[in-house]
Amino acid sequence: MGEAIRAQFAAAKLPWQFSAIGSVIWAFLIGATTYIDARYFSGYALQRQLELIALFFALGAAISFPLALFIARFLRKTPGKLRFIIIASSIAVCTLLATAIVLALEFRGYFVQWHAPFGTRLWLWQQFFTTAGAVYQYLVIGIRLYFPLGLIALFVVSLWANRLDN
């Protein structure tokens, strides 16, 4: 059993060139779609900070892409439509999680000046609620920046990854 899982992990490894190119492409697409959606479709009032918001989303996308493809390659069993769905789902979920982590770290960096000393019980509660607040705001406000252009980008990148992975 252990040997089979090790072989499956070895087969799921990606060439670093594919991971790097895919990360750059995915980060560019997500950053661009986030910026375009926030600027032209969503009507955000903070126009001067759109570049920073798009950069956070692009950073989350860049971090998530290699992990998402590793997970998709690890889970793949059959070719065709099911494999495409696994790749698309993996990229989408990993991008959402990585971007939530990036934004939670940014929140923590901002609010740390008002937090209690490190290691105290109050500090733990503050860390928990700061992270929960960041993730909540991302889920309520940020996810809509992926629509509709982010879905198109996800479809295109998933097709590309599926085709190259054959």
# chains A, B, ... in the order shown; residues from 1 in each chain; ligands from 1
>>> closest_atom_pairs(of="range 144-166 of chain A", to="range 64-85 of chain A", cutoff="7 Å", atoms="only C-alpha atoms", output="JSON lines")
{"residue": "A:Ser158", "atom": "CA", "partner": "A:Phe84", "partner_atom": "CA", "distance": 6.5}
{"residue": "A:Leu159", "atom": "CA", "partner": "A:Phe84", "partner_atom": "CA", "distance": 6.9}
{"residue": "A:Asn162", "atom": "CA", "partner": "A:Phe84", "partner_atom": "CA", "distance": 6.0}
>>> write_last_selection(atoms="C-alpha atoms", output="short mmCIF file (atom, residue, chain, number, x, y, z; two decimals), in the first residue's frame")
data_model
loop_
_atom_site.label_atom_id
_atom_site.label_comp_id
_atom_site.auth_asym_id
_atom_site.auth_seq_id
_atom_site.Cartn_x
_atom_site.Cartn_y
_atom_site.Cartn_z
CA SER A 158 -7.91 24.06 -17.31
CA LEU A 159 -8.12 23.12 -20.98
CA ASN A 162 -5.45 19.07 -19.43
#
>>> residues_around(residues="His115 in chain A", least_positions_apart="5", cutoff="10 Å", atoms="only C-alpha atoms", output="compact mmCIF listing (two decimals) with N, CA, C and O atoms, in the first residue's frame")
# COMPACT_ATOMS: atom_id res chain seq x y z
N ARG A 108 -3.59 40.49 9.11
CA ARG A 108 -2.81 40.31 10.32
C ARG A 108 -1.69 41.33 10.39
O ARG A 108 -1.40 41.88 11.44
N LEU A 122 -5.32 35.98 24.84
CA LEU A 122 -5.96 37.05 24.10
C LEU A 122 -5.37 37.17 22.70
O LEU A 122 -6.10 37.38 21.72
N TRP A 123 -4.07 37.01 22.56
CA TRP A 123 -3.42 37.06 21.26
C TRP A 123 -3.95 35.96 20.33
O TRP A 123 -4.20 36.20 19.15
N LEU A 124 -4.13 34.75 20.88
CA LEU A 124 -4.67 33.65 20.08
C LEU A 124 -6.08 33.96 19.58
O LEU A 124 -6.41 33.71 18.42
N TRP A 125 -6.91 34.50 20.46
CA TRP A 125 -8.25 34.88 20.05
C TRP A 125 -8.21 35.97 18.98
O TRP A 125 -8.98 35.94 18.02
N GLN A 126 -7.34 36.94 19.16
CA GLN A 126 -7.22 38.01 18.18
C GLN A 126 -6.75 37.48 16.83
O GLN A 126 -7.23 37.93 15.78
N GLN A 127 -5.81 36.54 16.85
CA GLN A 127 -5.35 35.95 15.58
C GLN A 127 -6.49 35.20 14.89
O GLN A 127 -6.68 35.32 13.68
N THR A 130 -9.10 37.80 13.60
CA THR A 130 -8.55 38.58 12.50
C THR A 130 -8.56 37.76 11.22
O THR A 130 -8.97 38.21 10.15
>>> closest_atom_pairs(of="range 23-138 of chain A", to="range 143-157 of chain A", cutoff="9 Å", atoms="only C-alpha atoms", output="tab-separated table")
residue	atom	partner	partner_atom	distance
A:Ile25	CA	A:Val157	CA	8.3
A:Trp26	CA	A:Val157	CA	7.2
A:Leu29	CA	A:Ala153	CA	6.4
A:Ile30	CA	A:Gly150	CA	6.4
A:Thr33	CA	A:Leu149	CA	5.6
A:Thr34	CA	A:Leu145	CA	5.3
A:Tyr35	CA	A:Leu145	CA	8.1
A:Ile36	CA	A:Leu149	CA	8.5
A:Asp37	CA	A:Leu145	CA	5.7
A:Ala38	CA	A:Leu145	CA	6.2
A:Phe41	CA	A:Leu145	CA	8.8
A:Ser42	CA	A:Leu145	CA	7.6
A:Ala88	CA	A:Leu154	CA	6.6
A:Ile91	CA	A:Leu154	CA	7.6
A:Ala92	CA	A:Leu154	CA	7.3
A:Leu96	CA	A:Ile143	CA	8.0
A:Tyr138	CA	A:Ile143	CA	6.3
>>> write_last_selection(atoms="N, CA, C and O atoms", output="PDB file, in the first residue's frame")
ATOM      1  N   ILE A  25       1.183  32.516 -15.924  1.00  0.00           N
ATOM      2  CA  ILE A  25      -0.011  32.716 -16.762  1.00  0.00           C
ATOM      3  C   ILE A  25      -1.260  32.841 -15.900  1.00  0.00           C
ATOM      4  O   ILE A  25      -2.075  33.742 -16.092  1.00  0.00           O
ATOM      5  N   TRP A  26      -1.415  31.936 -14.937  1.00  0.00           N
ATOM      6  CA  TRP A  26      -2.600  31.960 -14.083  1.00  0.00           C
ATOM      7  C   TRP A  26      -2.644  33.235 -13.238  1.00  0.00           C
ATOM      8  O   TRP A  26      -3.697  33.855 -13.067  1.00  0.00           O
ATOM      9  N   LEU A  29      -3.637  36.150 -15.533  1.00  0.00           N
ATOM     10  CA  LEU A  29      -5.057  36.106 -15.893  1.00  0.00           C
ATOM     11  C   LEU A  29      -5.950  36.509 -14.725  1.00  0.00           C
ATOM     12  O   LEU A  29      -6.901  37.283 -14.884  1.00  0.00           O
ATOM     13  N   ILE A  30      -5.653  35.994 -13.539  1.00  0.00           N
ATOM     14  CA  ILE A  30      -6.479  36.327 -12.377  1.00  0.00           C
ATOM     15  C   ILE A  30      -6.295  37.779 -11.972  1.00  0.00           C
ATOM     16  O   ILE A  30      -7.263  38.478 -11.650  1.00  0.00           O
ATOM     17  N   THR A  33      -8.189  39.814 -14.649  1.00  0.00           N
ATOM     18  CA  THR A  33      -9.645  39.712 -14.553  1.00  0.00           C
ATOM     19  C   THR A  33     -10.168  40.401 -13.298  1.00  0.00           C
ATOM     20  O   THR A  33     -11.230  41.027 -13.332  1.00  0.00           O
ATOM     21  N   THR A  34      -9.415  40.320 -12.209  1.00  0.00           N
ATOM     22  CA  THR A  34      -9.818  41.000 -10.979  1.00  0.00           C
ATOM     23  C   THR A  34      -9.812  42.507 -11.180  1.00  0.00           C
ATOM     24  O   THR A  34     -10.755  43.207 -10.798  1.00  0.00           O
ATOM     25  N   TYR A  35      -8.759  43.016 -11.782  1.00  0.00           N
ATOM     26  CA  TYR A  35      -8.662  44.452 -12.022  1.00  0.00           C
ATOM     27  C   TYR A  35      -9.778  44.932 -12.951  1.00  0.00           C
ATOM     28  O   TYR A  35     -10.448  45.926 -12.672  1.00  0.00           O
ATOM     29  N   ILE A  36      -9.963  44.223 -14.049  1.00  0.00           N
ATOM     30  CA  ILE A  36     -10.993  44.627 -15.022  1.00  0.00           C
ATOM     31  C   ILE A  36     -12.383  44.568 -14.404  1.00  0.00           C
ATOM     32  O   ILE A  36     -13.187  45.488 -14.566  1.00  0.00           O
ATOM     33  N   ASP A  37     -12.656  43.511 -13.657  1.00  0.00           N
ATOM     34  CA  ASP A  37     -13.983  43.388 -13.049  1.00  0.00           C
ATOM     35  C   ASP A  37     -14.205  44.461 -12.000  1.00  0.00           C
ATOM     36  O   ASP A  37     -15.280  45.072 -11.950  1.00  0.00           O
ATOM     37  N   ALA A  38     -13.210  44.717 -11.157  1.00  0.00           N
ATOM     38  CA  ALA A  38     -13.373  45.732 -10.119  1.00  0.00           C
ATOM     39  C   ALA A  38     -13.481  47.131 -10.723  1.00  0.00           C
ATOM     40  O   ALA A  38     -14.234  47.972 -10.228  1.00  0.00           O
ATOM     41  N   PHE A  41     -16.856  46.566 -13.958  1.00  0.00           N
ATOM     42  CA  PHE A  41     -18.126  45.868 -13.749  1.00  0.00           C
ATOM     43  C   PHE A  41     -18.697  46.051 -12.351  1.00  0.00           C
ATOM     44  O   PHE A  41     -19.902  46.119 -12.176  1.00  0.00           O
ATOM     45  N   SER A  42     -17.864  46.093 -11.340  1.00  0.00           N
ATOM     46  CA  SER A  42     -18.358  46.093  -9.967  1.00  0.00           C
ATOM     47  C   SER A  42     -18.612  47.479  -9.409  1.00  0.00           C
ATOM     48  O   SER A  42     -19.294  47.614  -8.406  1.00  0.00           O
ATOM     49  N   ALA A  88     -10.022  21.626 -13.203  1.00  0.00           N
ATOM     50  CA  ALA A  88     -10.700  22.911 -13.002  1.00  0.00           C
ATOM     51  C   ALA A  88     -11.097  23.103 -11.538  1.00  0.00           C
ATOM     52  O   ALA A  88     -10.897  24.190 -10.978  1.00  0.00           O
ATOM     53  N   ILE A  91      -7.893  23.754  -9.419  1.00  0.00           N
ATOM     54  CA  ILE A  91      -7.372  25.115  -9.610  1.00  0.00           C
ATOM     55  C   ILE A  91      -8.268  26.133  -8.915  1.00  0.00           C
ATOM     56  O   ILE A  91      -7.780  27.049  -8.241  1.00  0.00           O
ATOM     57  N   ALA A  92      -9.570  25.989  -9.047  1.00  0.00           N
ATOM     58  CA  ALA A  92     -10.499  26.945  -8.438  1.00  0.00           C
ATOM     59  C   ALA A  92     -10.398  26.928  -6.913  1.00  0.00           C
ATOM     60  O   ALA A  92     -10.264  27.987  -6.281  1.00  0.00           O
ATOM     61  N   LEU A  96      -8.848  29.931  -4.480  1.00  0.00           N
ATOM     62  CA  LEU A  96      -9.655  30.573  -3.439  1.00  0.00           C
ATOM     63  C   LEU A  96      -8.966  30.469  -2.078  1.00  0.00           C
ATOM     64  O   LEU A  96      -8.896  31.457  -1.338  1.00  0.00           O
ATOM     65  N   TYR A 138     -13.304  38.385   2.326  1.00  0.00           N
ATOM     66  CA  TYR A 138     -12.932  37.874   1.001  1.00  0.00           C
ATOM     67  C   TYR A 138     -14.088  37.090   0.388  1.00  0.00           C
ATOM     68  O   TYR A 138     -14.384  37.247  -0.789  1.00  0.00           O
TER      69      TYR A 138
END
>>> residues_around(residues="Glu106 in chain A", least_positions_apart="2", cutoff="12 Å", atoms="only C-alpha atoms", output="list in words")
Leu52, Ile53, Phe56, Phe57, Leu59, Gly60, Thr99, Ala100, Ile101, Val102, Leu103, Ala104, Arg108, Gly109, Tyr110, Phe111, Val112, Thr130, Thr131, Gly133, Ala134, Val135 and Tyr138 of chain A
>>> write_last_selection(atoms="C-alpha atoms", output="mmCIF file, in the first residue's frame")
data_model
loop_
_atom_site.group_PDB
_atom_site.id
_atom_site.type_symbol
_atom_site.label_atom_id
_atom_site.label_comp_id
_atom_site.auth_asym_id
_atom_site.auth_seq_id
_atom_site.Cartn_x
_atom_site.Cartn_y
_atom_site.Cartn_z
ATOM 1 C CA LEU A 52 -2.981 46.386 -4.987
ATOM 2 C CA ILE A 53 -6.155 44.300 -4.822
ATOM 3 C CA PHE A 56 -3.108 40.168 -3.916
ATOM 4 C CA PHE A 57 -5.392 38.071 -6.094
ATOM 5 C CA LEU A 59 -0.234 36.379 -5.717
ATOM 6 C CA GLY A 60 -2.820 33.907 -4.458
ATOM 7 C CA THR A 99 -5.927 34.072 -1.929
ATOM 8 C CA ALA A 100 -7.806 33.855 1.372
ATOM 9 C CA ILE A 101 -4.505 33.062 3.128
ATOM 10 C CA VAL A 102 -2.723 35.961 1.409
ATOM 11 C CA LEU A 103 -5.471 38.367 2.440
ATOM 12 C CA ALA A 104 -5.543 36.982 5.994
ATOM 13 C CA ARG A 108 -2.810 40.307 10.315
ATOM 14 C CA GLY A 109 0.033 42.576 9.241
ATOM 15 C CA TYR A 110 -2.219 45.593 9.546
ATOM 16 C CA PHE A 111 -3.919 44.709 12.843
ATOM 17 C CA VAL A 112 -0.862 43.347 14.643
ATOM 18 C CA THR A 130 -8.554 38.583 12.495
ATOM 19 C CA THR A 131 -8.123 35.617 10.167
ATOM 20 C CA GLY A 133 -12.699 38.414 9.499
ATOM 21 C CA ALA A 134 -10.322 38.499 6.546
ATOM 22 C CA VAL A 135 -11.667 35.262 5.115
ATOM 23 C CA TYR A 138 -12.932 37.874 1.001
#
>>> atom_distance(atom1="CA of Ala32 in chain A", atom2="CA of Gln17 in chain A")
22.4 Å
>>> atom_distance(atom1="CA of Trp16 in chain A", atom2="CA of Thr95 in chain A")
18.8 Å
>>> select_by_dssp(residues="range 25-116 of chain A", states="alpha helix (DSSP H)", output="PyMOL selection string")
chain A and resi 25-36+50-75+81-111
